[in-house]
>>> print(open('target00.cif').read())   # mmCIF, C-alpha atoms
data_structure
loop_
_atom_site.label_atom_id
_atom_site.label_comp_id
_atom_site.auth_asym_id
_atom_site.auth_seq_id
_atom_site.Cartn_x
_atom_site.Cartn_y
_atom_site.Cartn_z
CA MET B 1205 0.00 0.00 0.00
CA VAL B 1206 1.25 3.45 -0.87
CA LYS B 1207 1.77 5.20 2.46
CA GLY B 1208 2.36 8.69 1.12
CA CYS B 1209 3.17 10.43 -2.06
CA ARG B 1210 4.48 13.80 -1.00
CA HIS B 1211 6.63 15.96 -3.19
CA GLY B 1212 10.05 14.38 -3.49
CA ASP B 1213 9.01 10.90 -2.33
CA ASN B 1214 10.11 9.03 -5.46
CA GLU B 1215 9.70 5.53 -3.97
CA ALA B 1216 6.06 6.18 -3.09
CA ARG B 1217 5.45 7.67 -6.55
CA LYS B 1218 7.03 4.66 -8.20
CA GLU B 1219 4.99 2.27 -6.06
CA LEU B 1220 1.76 4.13 -6.86
CA TYR B 1221 2.54 3.99 -10.58
CA MET B 1222 3.57 0.33 -10.50
CA GLN B 1223 0.46 -0.67 -8.57
CA TYR B 1224 -2.09 1.35 -10.55
CA GLY B 1225 -0.50 2.37 -13.88
CA GLY B 1226 -1.83 -0.55 -15.93
CA LEU B 1227 -5.29 -0.35 -14.41
CA MET B 1228 -5.54 3.39 -15.02
CA LEU B 1229 -4.27 3.04 -18.61
CA GLY B 1230 -6.99 0.47 -19.22
CA LEU B 1231 -9.57 2.85 -17.78
CA ILE B 1232 -8.34 5.74 -19.94
CA SER B 1233 -8.27 3.51 -23.02
CA ARG B 1234 -12.00 2.93 -22.69
CA TYR B 1235 -12.43 6.62 -23.50
CA ILE B 1236 -9.40 7.42 -25.65
CA SER B 1237 -8.71 4.87 -28.40
CA ASP B 1238 -5.35 6.23 -29.54
CA LYS B 1239 -2.68 4.49 -27.43
CA GLU B 1240 -0.18 7.37 -27.47
CA GLU B 1241 -2.83 9.91 -26.47
CA ALA B 1242 -4.00 7.56 -23.70
CA LYS B 1243 -0.41 7.28 -22.42
CA ASP B 1244 -0.11 11.09 -22.43
CA VAL B 1245 -3.27 11.35 -20.33
CA LEU B 1246 -1.92 8.63 -18.01
CA HIS B 1247 1.30 10.61 -17.53
CA ASP B 1248 -0.58 13.85 -16.89
CA GLY B 1249 -2.94 12.03 -14.54
CA PHE B 1250 -0.13 10.72 -12.38
CA ILE B 1251 1.39 14.17 -12.19
CA ARG B 1252 -1.97 15.45 -10.98
CA ALA B 1253 -2.36 12.51 -8.58
CA TYR B 1254 1.08 13.13 -7.08
CA SER B 1255 0.34 16.80 -6.49
CA ALA B 1256 -3.22 16.15 -5.21
CA PHE B 1257 -2.31 13.19 -3.01
CA ILE B 1258 -2.31 15.39 0.06
CA LYS B 1259 -6.08 15.80 -0.46
CA PHE B 1260 -6.66 12.04 -0.54
CA ASP B 1261 -8.71 10.81 2.41
CA TRP B 1262 -8.19 7.13 3.29
CA ARG B 1263 -11.58 5.53 3.85
CA GLY B 1264 -10.63 1.90 3.89
CA GLU B 1265 -9.72 -0.76 1.37
CA GLY B 1266 -10.45 0.34 -2.18
CA SER B 1267 -10.61 4.05 -1.46
CA LEU B 1268 -7.30 4.80 -3.19
CA ARG B 1269 -8.34 2.89 -6.30
CA ALA B 1270 -11.71 4.68 -6.33
CA TRP B 1271 -10.04 8.07 -5.89
CA LEU B 1272 -7.54 7.38 -8.67
CA SER B 1273 -10.25 6.02 -10.97
CA ARG B 1274 -12.34 9.16 -10.55
CA LEU B 1275 -9.27 11.34 -11.16
CA PHE B 1276 -8.29 9.44 -14.32
CA VAL B 1277 -11.84 9.37 -15.70
CA ASN B 1278 -11.92 13.14 -15.22
CA MET B 1279 -8.54 13.47 -16.95
CA ALA B 1280 -9.81 11.44 -19.92
CA LEU B 1281 -13.00 13.51 -20.09
CA ASN B 1282 -11.02 16.75 -19.89
CA TYR B 1283 -8.91 15.52 -22.78
CA LEU B 1284 -11.98 14.57 -24.82
CA THR B 1285 -13.78 17.84 -24.20
CA SER B 1286 -10.78 20.14 -24.69
CA SER B 1287 -11.10 22.61 -27.53
CA GLU B 1288 -8.80 20.68 -29.88
CA ASN B 1289 -10.57 17.36 -29.23
CA LYS B 1290 -14.13 18.64 -28.78
CA LEU B 1291 -16.27 15.59 -28.11
CA GLN B 1292 -19.07 15.34 -30.64
CA PHE B 1293 -22.46 13.90 -29.92
CA GLU B 1294 -23.46 12.47 -33.25
CA ASN B 1295 -26.94 11.82 -34.50
CA ILE B 1296 -26.75 8.68 -36.57
CA ASP B 1297 -30.46 7.91 -36.84
CA ASP B 1298 -30.34 8.41 -40.59
CA GLU B 1299 -27.29 6.19 -41.04
CA TYR B 1300 -28.54 3.23 -39.01
CA ASP B 1301 -31.93 1.71 -38.40
CA LEU B 1302 -32.23 1.48 -34.66
CA VAL B 1303 -33.27 -1.98 -33.58
CA ASP B 1304 -36.24 -2.63 -31.36
CA ASP B 1305 -36.20 -4.62 -28.13
CA THR B 1306 -37.31 -7.83 -29.87
CA THR B 1307 -33.90 -8.27 -31.52
CA ILE B 1308 -31.87 -8.21 -28.31
CA PRO B 1309 -29.72 -11.36 -28.22
CA HIS B 1310 -30.07 -13.86 -25.41
CA GLU B 1311 -27.74 -13.23 -22.47
CA ASN B 1312 -26.17 -16.70 -22.79
CA ASP B 1313 -25.21 -15.95 -26.41
CA VAL B 1314 -23.59 -12.66 -25.38
CA MET B 1315 -21.70 -14.36 -22.53
CA ASN B 1316 -20.07 -16.68 -25.10
CA ILE B 1317 -18.60 -13.78 -27.09
CA PRO B 1318 -14.91 -13.22 -26.22
CA GLU B 1319 -14.35 -10.20 -23.99
CA ASP B 1320 -11.90 -8.60 -26.45
CA VAL B 1321 -14.58 -8.76 -29.18
CA LEU B 1322 -17.12 -7.00 -26.94
CA ILE B 1323 -14.54 -4.37 -25.96
CA GLY B 1324 -13.80 -3.89 -29.66
CA PHE B 1325 -17.49 -3.28 -30.34
CA ILE B 1326 -17.56 -0.59 -27.66
CA GLN B 1327 -14.37 0.99 -29.04
CA GLN B 1328 -15.98 1.20 -32.50
CA LEU B 1329 -18.87 3.32 -31.24
CA PRO B 1330 -18.87 7.01 -32.19
CA ALA B 1331 -16.97 9.00 -29.54
CA GLY B 1332 -20.01 10.55 -27.85
CA TYR B 1333 -21.85 7.26 -27.64
CA LYS B 1334 -18.77 5.43 -26.37
CA THR B 1335 -18.09 8.05 -23.71
CA VAL B 1336 -21.63 8.05 -22.34
CA PHE B 1337 -21.84 4.24 -22.53
CA ASN B 1338 -18.61 3.84 -20.56
CA LEU B 1339 -19.58 6.44 -17.97
CA TYR B 1340 -23.04 4.97 -17.41
CA ALA B 1341 -22.72 1.22 -17.96
CA ILE B 1342 -19.17 0.61 -16.78
CA ASP B 1343 -18.20 3.42 -14.40
CA GLY B 1344 -21.65 3.74 -12.81
CA PHE B 1345 -22.29 7.45 -13.26
CA SER B 1346 -25.91 8.60 -13.41
CA HIS B 1347 -27.19 10.52 -16.43
CA LYS B 1348 -27.40 13.59 -14.21
CA GLU B 1349 -23.71 13.24 -13.29
CA ILE B 1350 -22.75 12.58 -16.92
CA ALA B 1351 -24.64 15.67 -18.06
CA LYS B 1352 -22.71 17.77 -15.55
CA LEU B 1353 -19.35 16.20 -16.43
CA LEU B 1354 -19.80 16.66 -20.19
CA ASN B 1355 -21.76 19.92 -20.07
CA ILE B 1356 -24.73 18.40 -21.88
CA LYS B 1357 -28.39 17.92 -21.04
CA GLU B 1358 -29.39 14.88 -19.00
CA ARG B 1359 -31.70 13.86 -21.85
CA THR B 1360 -28.77 13.98 -24.28
CA SER B 1361 -26.86 11.59 -22.04
CA SER B 1362 -29.74 9.12 -21.85
CA SER B 1363 -30.37 9.26 -25.62
CA GLN B 1364 -26.66 8.75 -26.37
CA PHE B 1365 -26.68 5.73 -24.06
CA PHE B 1366 -29.82 4.33 -25.71
CA LYS B 1367 -28.32 4.74 -29.18
CA ALA B 1368 -25.03 3.19 -28.06
CA LYS B 1369 -26.92 0.14 -26.76
CA GLN B 1370 -28.82 -0.12 -30.02
CA LEU B 1371 -25.62 -0.05 -32.08
CA LEU B 1372 -24.04 -2.64 -29.79
CA VAL B 1373 -27.07 -4.90 -30.27
CA ARG B 1374 -26.59 -4.61 -34.05
CA LYS B 1375 -22.90 -5.48 -33.78
CA ILE B 1376 -23.56 -8.40 -31.44
CA ASN B 1377 -26.34 -9.76 -33.64
CA ALA B 1378 -24.12 -9.50 -36.73
CA TYR B 1379 -21.31 -11.31 -34.88
CA LEU B 1380 -23.65 -14.07 -33.70
CA THR B 1381 -25.08 -14.47 -37.20
CA GLU B 1382 -21.59 -14.80 -38.72
CA LYS B 1383 -20.52 -17.26 -36.00
#
>>> encode(input="target00.cif", output="structure tokens")
Amino acid sequence: MVKGCRHGDNEARKELYMQYGGLMLGLISRYISDKEEAKDVLHDGFIRAYSAFIKFDWRGEGSLRAWLSRLFVNMALNYLTSSENKLQFENIDDEYDLVDDTTIPHENDVMNIPEDVLIGFIQQLPAGYKTVFNLYAIDGFSHKEIAKLLNIKERTSSSQFFKAKQLLVRKINAYLTEK
């Protein structure tokens, strides 16, 4: 366990990075597909974590991981919403026919799809859909929290999530049909 990470404590910094670097890179990569950009955000995130560590409040097992996860999600979102990377919320209704609930594959069929294939489907989503899907379905944010984080309306968040699910259903059904 990392005891402290004060300025100049290189061993604690190294331990924090070694313990959480891979996990945080994986988290960032859910939002930022480009590996080099994700590594840049990881680097910047650890610099921020090191300087903000004094504000960390130990609340038991898992609190450091939760604190770091929140920090790195925010770093990824800041990157995505920065002026040069402005996150777009696309309307693809005209490009795709949204599926209805009757075409949702059976849970057992989905459970048999390799995890890397499912992750690939999520990575292929348009950036806005992918971001909202990850925040809601994987990281557990509410649509209200997502709206605040991304400076969008709560309804926009819920519609982006709905459309992301619909596109994922299409991809899963196509995969299962080809299999």
>>> closest_residue(input="target00.cif", among="B:Leu1380, B:Ile1326, B:Val1245, B:Leu1275", to="Leu1229 (chain B)", atoms="all atoms listed in the file")
B:Val1245
>>> resolve_selection(input="target00.cif", expression="the PyMOL selection byres ((chain B and resi 1284) around 12)", output="ChimeraX atom specification")
/B:1232-1238,1241-1242,1245,1277-1283,1285-1293,1331-1332,1334-1336,1353-1354
>>> residues_near_point(input="target00.cif", point="(-22.7, 12.7, -12.5)", cutoff="12 Å", atoms="all atoms listed in the file", output="list in words")
Arg1274, Val1277, Asn1278, Val1336, Leu1339, Tyr1340, Asp1343, Gly1344, Phe1345, Ser1346, His1347, Lys1348, Glu1349, Ile1350, Ala1351, Lys1352, Leu1353, Leu1354, Asn1355, Ile1356, Lys1357, Glu1358 and Ser1361 of chain B
>>> atom_distance(input="target00.cif", atom1="CA of Leu1372 (chain B)", atom2="CA of Gln1328 (chain B)")
9.3 Å
>>> atom_distance(input="target00.cif", atom1="CA of Val1373 (chain B)", atom2="CA of Glu1240 (chain B)")
29.7 Å
>>> resolve_selection(input="target00.cif", expression="the PyMOL selection byres ((chain B and resi 1270) around 12)", output="PyMOL selection string")
chain B and resi 1224+1227-1228+1231+1260-1269+1271-1277+1343-1344
>>> atom_distance(input="target00.cif", atom1="CA of Arg1374 (chain B)", atom2="CA of Arg1359 (chain B)")
22.7 Å
>>> resolve_selection(input="target00.cif", expression="the PyMOL selection byres ((chain B and resi 1368) around 7)", output="list in words")
Leu1329, Tyr1333, Lys1334, Phe1337, Gln1364, Phe1365, Phe1366, Lys1367, Lys1369, Gln1370, Leu1371 and Leu1372 of chain B
>>> closest_residue(input="target00.cif", among="B:Gly1225, B:Pro1330, B:Gly1230, B:Pro1309", to="Asp1248 (chain B)", atoms="only C-alpha atoms")
B:Gly1225
>>> axis_aligned_box(input="target00.cif", around="region 1335-1346 of chain B", padding_each_side="6 Å", output="AutoDock Vina command-line options")
--center_x -22.0 --center_y 4.6 --center_z -18.3 --size_x 19.8 --size_y 20.0 --size_z 22.9
